[in-house]
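K.L.:
Got start_8.tsv for you, TSV, C-alpha atoms:
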chain	number	residue	atom	x	y	z
C	144	MET	CA	17.02	15.64	8.19
C	145	VAL	CA	19.41	12.70	8.53
C	146	THR	CA	18.78	9.65	6.36
C	147	ALA	CA	20.64	6.41	5.69
C	148	LEU	CA	18.57	5.44	2.65
C	149	THR	CA	20.53	4.41	-0.42
C	150	LEU	CA	19.33	4.85	-3.97
C	151	SER	CA	18.99	1.10	-4.49
C	152	SER	CA	16.95	0.56	-1.32
C	153	PHE	CA	14.69	3.50	-2.19
C	154	LEU	CA	14.10	2.09	-5.69
C	155	TYR	CA	13.19	-1.29	-4.15
C	156	PHE	CA	10.77	0.49	-1.86
C	157	LEU	CA	9.34	2.47	-4.77
C	158	LEU	CA	8.71	-0.74	-6.71
C	159	LEU	CA	7.10	-2.41	-3.70
C	160	CYS	CA	4.82	0.53	-2.86
C	161	SER	CA	3.83	1.01	-6.48
C	162	THR	CA	2.84	-2.64	-6.69
C	163	LEU	CA	0.85	-2.49	-3.44
C	164	ALA	CA	-0.74	0.87	-4.19
C	165	PHE	CA	-1.97	-0.10	-7.64
C	166	SER	CA	-2.97	-3.68	-6.83
C	167	PRO	CA	-6.61	-4.35	-5.88
C	168	GLY	CA	-7.41	-4.10	-2.17
C	169	PRO	CA	-10.07	-2.74	0.21
C	170	MET	CA	-9.12	0.91	-0.32
C	171	THR	CA	-8.62	0.53	-4.05
C	172	LEU	CA	-12.03	-1.09	-4.48
C	173	LEU	CA	-13.72	1.60	-2.37
C	174	LEU	CA	-12.22	4.42	-4.45
C	175	LEU	CA	-12.82	2.60	-7.70
C	176	SER	CA	-16.50	2.08	-6.88
C	177	LEU	CA	-16.84	5.77	-6.02
C	178	GLY	CA	-15.10	6.76	-9.24
C	179	LEU	CA	-17.29	4.49	-11.34
C	180	LYS	CA	-20.40	5.94	-9.73
C	181	ASP	CA	-19.70	9.68	-9.53
C	182	GLY	CA	-16.21	10.36	-10.85
C	183	LEU	CA	-12.91	11.58	-9.45
C	184	ARG	CA	-14.13	14.77	-7.75
C	185	HIS	CA	-16.73	12.89	-5.72
C	186	SER	CA	-14.11	10.45	-4.41
C	187	LEU	CA	-11.63	13.08	-3.15
C	188	PRO	CA	-13.03	13.29	0.44
C	189	ALA	CA	-12.62	9.52	0.79
C	190	GLN	CA	-9.08	9.76	-0.54
C	191	PHE	CA	-8.20	12.50	1.95
C	192	GLY	CA	-9.65	10.32	4.72
C	193	ALA	CA	-7.47	7.41	3.56
C	194	SER	CA	-4.38	9.63	3.53
C	195	VAL	CA	-5.06	10.78	7.09
C	196	SER	CA	-5.52	7.17	8.24
C	197	TYR	CA	-2.21	6.15	6.68
C	198	LEU	CA	-0.44	9.13	8.24
C	199	ILE	CA	-1.76	8.11	11.66
C	200	SER	CA	-0.65	4.52	11.09
C	201	ILE	CA	2.83	5.66	10.03
C	202	LEU	CA	3.23	7.76	13.18
C	203	ILE	CA	2.05	4.91	15.42
C	204	PHE	CA	3.47	1.78	13.81
C	205	ALA	CA	6.53	3.08	11.97
C	206	VAL	CA	7.87	6.05	13.97
C	207	GLY	CA	6.61	5.02	17.42
C	208	PHE	CA	7.51	1.37	17.02
C	209	SER	CA	10.99	2.18	15.72
C	210	GLU	CA	11.68	4.18	18.89
C	211	LEU	CA	10.48	1.31	21.10
C	212	ILE	CA	12.92	-1.19	19.60
C	213	ARG	CA	15.87	1.20	19.43
C	214	GLY	CA	18.95	-0.65	20.68
C	215	TYR	CA	17.52	-4.16	20.11
C	216	PRO	CA	19.18	-5.43	16.89
C	217	LEU	CA	17.76	-8.96	17.18
C	218	ILE	CA	14.21	-7.61	17.29
C	219	THR	CA	15.01	-5.35	14.34
C	220	GLN	CA	16.30	-8.29	12.30
C	221	GLY	CA	13.30	-10.38	13.25
C	222	ILE	CA	10.93	-7.64	12.07
C	223	GLN	CA	12.82	-7.37	8.79
C	224	LEU	CA	12.38	-11.10	8.24
C	225	VAL	CA	8.67	-10.75	9.00
C	226	GLY	CA	8.51	-8.04	6.35
C	227	VAL	CA	9.98	-10.34	3.70
C	228	ALA	CA	7.66	-13.17	4.76
C	229	TYR	CA	4.66	-10.85	4.55
C	230	ILE	CA	5.51	-9.79	1.00
C	231	LEU	CA	5.80	-13.46	0.04
C	232	TYR	CA	2.40	-14.07	1.63
C	233	LEU	CA	0.88	-11.24	-0.40
C	234	ALA	CA	2.41	-12.69	-3.56
C	235	TYR	CA	0.87	-16.09	-2.77
C	236	LYS	CA	-2.54	-14.55	-2.11
C	237	GLN	CA	-2.42	-12.60	-5.35
C	238	TRP	CA	-1.36	-15.68	-7.35
C	239	THR	CA	-4.08	-17.93	-5.94
C	240	SER	CA	-6.84	-15.31	-6.01
C	241	SER	CA	-9.60	-15.61	-8.59
C	242	GLY	CA	-9.69	-11.85	-9.03
C	243	VAL	CA	-11.53	-8.91	-7.52
C	244	GLN	CA	-15.08	-7.85	-8.10
C	245	ILE	CA	-16.66	-4.46	-7.70
C	246	SER	CA	-20.25	-3.36	-7.39
C	247	THR	CA	-21.78	0.10	-7.54
C	248	ALA	CA	-25.38	-1.02	-7.27
C	249	GLY	CA	-27.51	0.22	-4.40
C	250	GLN	CA	-25.06	2.89	-3.19
C	251	ALA	CA	-26.89	5.84	-1.66
C	252	PRO	CA	-25.45	9.39	-2.06
C	253	GLN	CA	-23.09	10.33	0.77
C	254	THR	CA	-21.95	13.65	2.18
C	255	ARG	CA	-18.33	14.77	2.04
C	256	ARG	CA	-18.01	14.14	5.76
C	257	GLY	CA	-19.43	10.65	5.32
C	258	LEU	CA	-17.02	9.88	2.49
C	259	PHE	CA	-14.08	11.21	4.53
C	260	GLY	CA	-15.08	9.00	7.45
C	261	LYS	CA	-15.46	6.00	5.18
C	262	GLY	CA	-11.98	6.47	3.76
C	263	LEU	CA	-10.56	7.02	7.24
C	264	LEU	CA	-12.14	3.87	8.71
C	265	THR	CA	-11.24	1.75	5.69
C	266	GLY	CA	-7.60	2.80	5.99
C	267	LEU	CA	-7.40	2.32	9.77
C	268	SER	CA	-8.98	-1.14	9.58
C	269	ASN	CA	-6.81	-2.34	6.70
C	270	PRO	CA	-4.43	-4.99	8.11
C	271	LYS	CA	-2.19	-4.72	5.06
C	272	ALA	CA	-1.34	-1.13	5.91
C	273	ILE	CA	-0.66	-1.92	9.58
C	274	ILE	CA	1.72	-4.77	8.74
C	275	LEU	CA	3.35	-2.71	5.99
C	276	PHE	CA	4.24	0.12	8.36
C	277	SER	CA	5.29	-2.04	11.31
C	278	ALA	CA	7.11	-4.88	9.52
C	279	VAL	CA	8.01	-3.77	5.99
C	280	PHE	CA	9.14	-0.19	6.63
C	281	PRO	CA	11.92	-1.36	8.99
C	282	GLN	CA	13.32	-3.42	6.11
C	283	PHE	CA	14.26	-0.15	4.41
C	284	ALA	CA	14.67	2.29	7.30
C	285	ALA	CA	17.63	2.19	9.67
C	286	VAL	CA	15.39	1.24	12.60
C	287	GLY	CA	17.08	1.69	15.96
C	288	GLN	CA	19.53	4.27	14.60
C	289	ASP	CA	19.54	8.06	14.64
C	290	SER	CA	18.50	8.24	10.98
C	291	ALA	CA	15.36	6.10	11.48
C	292	VAL	CA	12.94	9.02	11.73
C	293	GLY	CA	14.38	10.65	8.62
C	294	ASP	CA	14.19	7.39	6.69
C	295	ILE	CA	10.59	6.75	7.72
C	296	ALA	CA	9.61	10.33	6.86
C	297	ILE	CA	10.87	9.86	3.29
C	298	LEU	CA	9.31	6.42	2.96
C	299	GLY	CA	6.03	7.58	4.45
C	300	LEU	CA	5.77	10.61	2.16
C	301	THR	CA	6.55	8.40	-0.84
C	302	PHE	CA	3.85	5.92	0.18
C	303	LEU	CA	1.25	8.67	0.72
C	304	ILE	CA	1.94	10.20	-2.70
C	305	LEU	CA	1.75	6.83	-4.47
C	306	GLN	CA	-1.41	5.83	-2.63
C	307	PHE	CA	-3.14	9.11	-3.45
C	308	ALA	CA	-1.99	8.94	-7.08
C	309	SER	CA	-3.27	5.38	-7.47
C	310	GLY	CA	-6.65	6.38	-6.05
C	311	CYS	CA	-6.93	9.31	-8.46
C	312	LEU	CA	-5.95	7.16	-11.43
C	313	TYR	CA	-8.38	4.39	-10.50
C	314	CYS	CA	-11.20	6.92	-10.15
C	315	TYR	CA	-10.31	8.84	-13.31
C	316	PHE	CA	-9.83	5.80	-15.52
C	317	GLY	CA	-12.45	3.70	-13.73
C	318	GLN	CA	-14.86	3.61	-16.64
C	319	ARG	CA	-12.09	2.72	-19.07
C	320	ILE	CA	-10.74	-0.21	-17.05
C	321	LYS	CA	-14.16	-1.43	-15.99
C	322	HIS	CA	-14.13	-4.03	-18.77
C	323	VAL	CA	-10.85	-5.39	-17.39
C	324	LEU	CA	-12.27	-5.91	-13.91
C	325	GLU	CA	-15.47	-7.39	-15.29
C	326	SER	CA	-13.54	-10.02	-17.27
C	327	PRO	CA	-12.61	-13.04	-15.09
C	328	ARG	CA	-9.66	-13.86	-17.33
C	329	LYS	CA	-8.24	-10.34	-17.23
C	330	ARG	CA	-8.81	-10.08	-13.46
C	331	VAL	CA	-6.81	-13.24	-12.88
C	332	LEU	CA	-4.03	-12.00	-15.20
C	333	LEU	CA	-3.85	-8.76	-13.21
C	334	GLN	CA	-3.54	-10.72	-9.97
C	335	LYS	CA	-0.75	-12.93	-11.33
C	336	VAL	CA	1.27	-10.00	-12.67
C	337	THR	CA	1.02	-8.37	-9.23
C	338	ALA	CA	2.14	-11.63	-7.60
C	339	VAL	CA	5.24	-11.84	-9.80
C	340	LEU	CA	6.19	-8.25	-8.98
C	341	LEU	CA	5.79	-8.89	-5.25
C	342	LEU	CA	7.87	-12.05	-5.47
C	343	ALA	CA	10.64	-10.16	-7.26
C	344	VAL	CA	10.67	-7.46	-4.57
C	345	ALA	CA	10.74	-10.06	-1.78
C	346	MET	CA	13.74	-11.80	-3.39
C	347	LEU	CA	15.60	-8.50	-3.74
C	348	LEU	CA	14.90	-7.61	-0.11
C	349	ALA	CA	15.96	-11.04	1.12
C	350	ARG	CA	19.18	-10.80	-0.85
C	351	GLY	CA	19.93	-7.36	0.54
C	352	PHE	CA	19.13	-8.49	4.08
C	353	SER	CA	21.44	-11.50	3.83
C	354	GLN	CA	24.27	-9.24	2.75
What does this structure look like when you write it as structure tokens?
P.N.:
Amino acid sequence: MVTALTLSSFLYFLLLCSTLAFSPGPMTLLLLSLGLKDGLRHSLPAQFGASVSYLISILIFAVGFSELIRGYPLITQGIQLVGVAYILYLAYKQWTSSGVQISTAGQAPQTRRGLFGKGLLTGLSNPKAIILFSAVFPQFAAVGQDSAVGDIAILGLTFLILQFASGCLYCYFGQRIKHVLESPRKRVLLQKVTAVLLLAVAMLLARGFSQ
């Protein structure tokens, strides 16, 4: 498999995906609520559904889209700029957010198939994932070149592993970090730390793009 990824660009991507995967969002809150209610094992079908949804999105928006714009460098550069702008937007949203809230009250027991479907639909309807694969992935992958598919395969596998790991950790340690999410002050602190990390990644990407 041909790849043009450098160690520095992969480390930037690793930092970005770790920040996104472990920061609060629709999927994180779903898995956390399941973990708080019934534990890690009960949440696994939903996590597998989320992984399938992300794999589908990668194939459509990262691999398929990269083939469509092959040979159009201006479009590629424009998409890379959109990726940087999107990360800055996420940083702003995290900084200005008052924190996330979770609730496990009134949740009826669900079958494994129902949990899988819930994870699948939550992942497919998550705009953050769609923009990440279509606008941020090209910032790291050599979109429009022969190594694009190889680059996206590595990036996609890395994202799937981090996303699944974050879901397992949130479910496993859900009860232990519940006091953090229930404290308005600690929730806001978590959001601001995430915002700073996203801002740092955006600056590194913008610097690399300008060079």
K.L.:
Can you write out as CSV which residues of range 167-232 of chain C fall within 12 Å of range 304-312 of chain C, alongside each residue's closest atom pair and its distance in Å to one decimal, counting all atoms listed in the file and ordering rows by chain and ascending residue number?
P.N.:
residue,atom,partner,partner_atom,distance
C:Pro167,CA,C:Ser309,CA,10.4
C:Gly168,CA,C:Gly310,CA,11.2
C:Pro169,CA,C:Gly310,CA,11.6
C:Met170,CA,C:Gly310,CA,8.3
C:Thr171,CA,C:Gly310,CA,6.5
C:Leu172,CA,C:Gly310,CA,9.3
C:Leu173,CA,C:Gly310,CA,9.3
C:Leu174,CA,C:Gly310,CA,6.1
C:Leu175,CA,C:Gly310,CA,7.4
C:Ser176,CA,C:Gly310,CA,10.8
C:Leu177,CA,C:Gly310,CA,10.2
C:Gly178,CA,C:Cys311,CA,8.6
C:Leu179,CA,C:Leu312,CA,11.7
C:Gly182,CA,C:Cys311,CA,9.6
C:Leu183,CA,C:Cys311,CA,6.5
C:Arg184,CA,C:Cys311,CA,9.1
C:His185,CA,C:Cys311,CA,10.8
C:Ser186,CA,C:Cys311,CA,8.3
C:Leu187,CA,C:Cys311,CA,8.0
C:Pro188,CA,C:Phe307,CA,11.4
C:Ala189,CA,C:Gly310,CA,9.6
C:Gln190,CA,C:Phe307,CA,6.6
C:Phe191,CA,C:Phe307,CA,8.1
C:Gly192,CA,C:Phe307,CA,10.5
C:Ala193,CA,C:Phe307,CA,8.4
C:Ser194,CA,C:Phe307,CA,7.1
C:Val195,CA,C:Phe307,CA,10.8
C:Ser196,CA,C:Gln306,CA,11.7
C:Tyr197,CA,C:Gln306,CA,9.3
C:Leu198,CA,C:Ile304,CA,11.2
K.L.:
Could you tell me how far CA of Ala343 in chain C sits from CA of Leu150 in chain C, in Å to one decimal place?
P.N.:
17.7 Å
K.L.:
Between C:Ile230, C:Ala345, C:Ala164, C:Ala278, which residue has the minimum interatomic distance to Phe204 in chain C, considering all atoms listed in the file?
P.N.:
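Nearest candidate to Phe204 in chain C out of C:Ile230, C:Ala345, C:Ala164, C:Ala278: C:Ala278.
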K.L.:
Need the shell around Ile203 in chain C: protein/DNA/RNA residues with any atom at most 12 Å away, counting all atoms listed in the file. Skip same-chain ones fewer than 6 positions apart. Format as a PyMOL selection string?
P.N.:
chain C and resi 196-197+209-211+267+272-274+276-277+295+299
K.L.:
Could you tell me which of C:Phe280, C:Tyr155, C:Phe316, C:Phe165 comes closest to Tyr229 in chain C if we count all atoms listed in the file?
P.N.:
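Closest residue, counting all atoms listed in the file: C:Phe280.
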K.L.:
Distance CA of Pro270 in chain C-CA of Gln334 in chain C, one decimal place?
P.N.:
19.0 Å
K.L.:
So what do you get for CA of Ala349 in chain C versus CA of Ser151 in chain C, distance-wise?
P.N.:
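So the two atoms, CA of Ala349 in chain C and CA of Ser151 in chain C, lie 13.7 Å apart.
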K.L.:
Which residue, C:Gln253, C:Thr301, C:Ser166, C:Thr239, has the smallest gap to Leu333 in chain C when you use only C-alpha atoms?
P.N.:
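Of all the options, C:Ser166 lies closest to Leu333 in chain C.
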K.L.:
Which one is closest to Val336 in chain C: C:Ala205, C:Val225, C:Ile218, C:Leu163? Count only C-alpha atoms.
P.N.:
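Smallest distance to Val336 in chain C is found for C:Leu163.
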K.L.:
Report as an MDAnalysis selection string all protein, DNA and RNA residues lying within 12 Å of Arg350 in chain C, evaluated on only C-alpha atoms, omitting residues in the same chain fewer than 3 positions from it.
P.N.:
chainID C and resid 152 155 224 227 282 343:347 353:354
K.L.:
Between C:Tyr315, C:Phe208, C:Trp238, C:Phe156, single out the one closest to Leu300 in chain C, counting all atoms listed in the file.
P.N.:
C:Phe156
K.L.:
For a quick check of understanding, using only C-alpha atoms, which of C:Leu263, C:Ala338, C:Leu258, C:Leu148 has the smallest distance to Pro281 in chain C?
P.N.:
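Closest candidate: C:Leu148.
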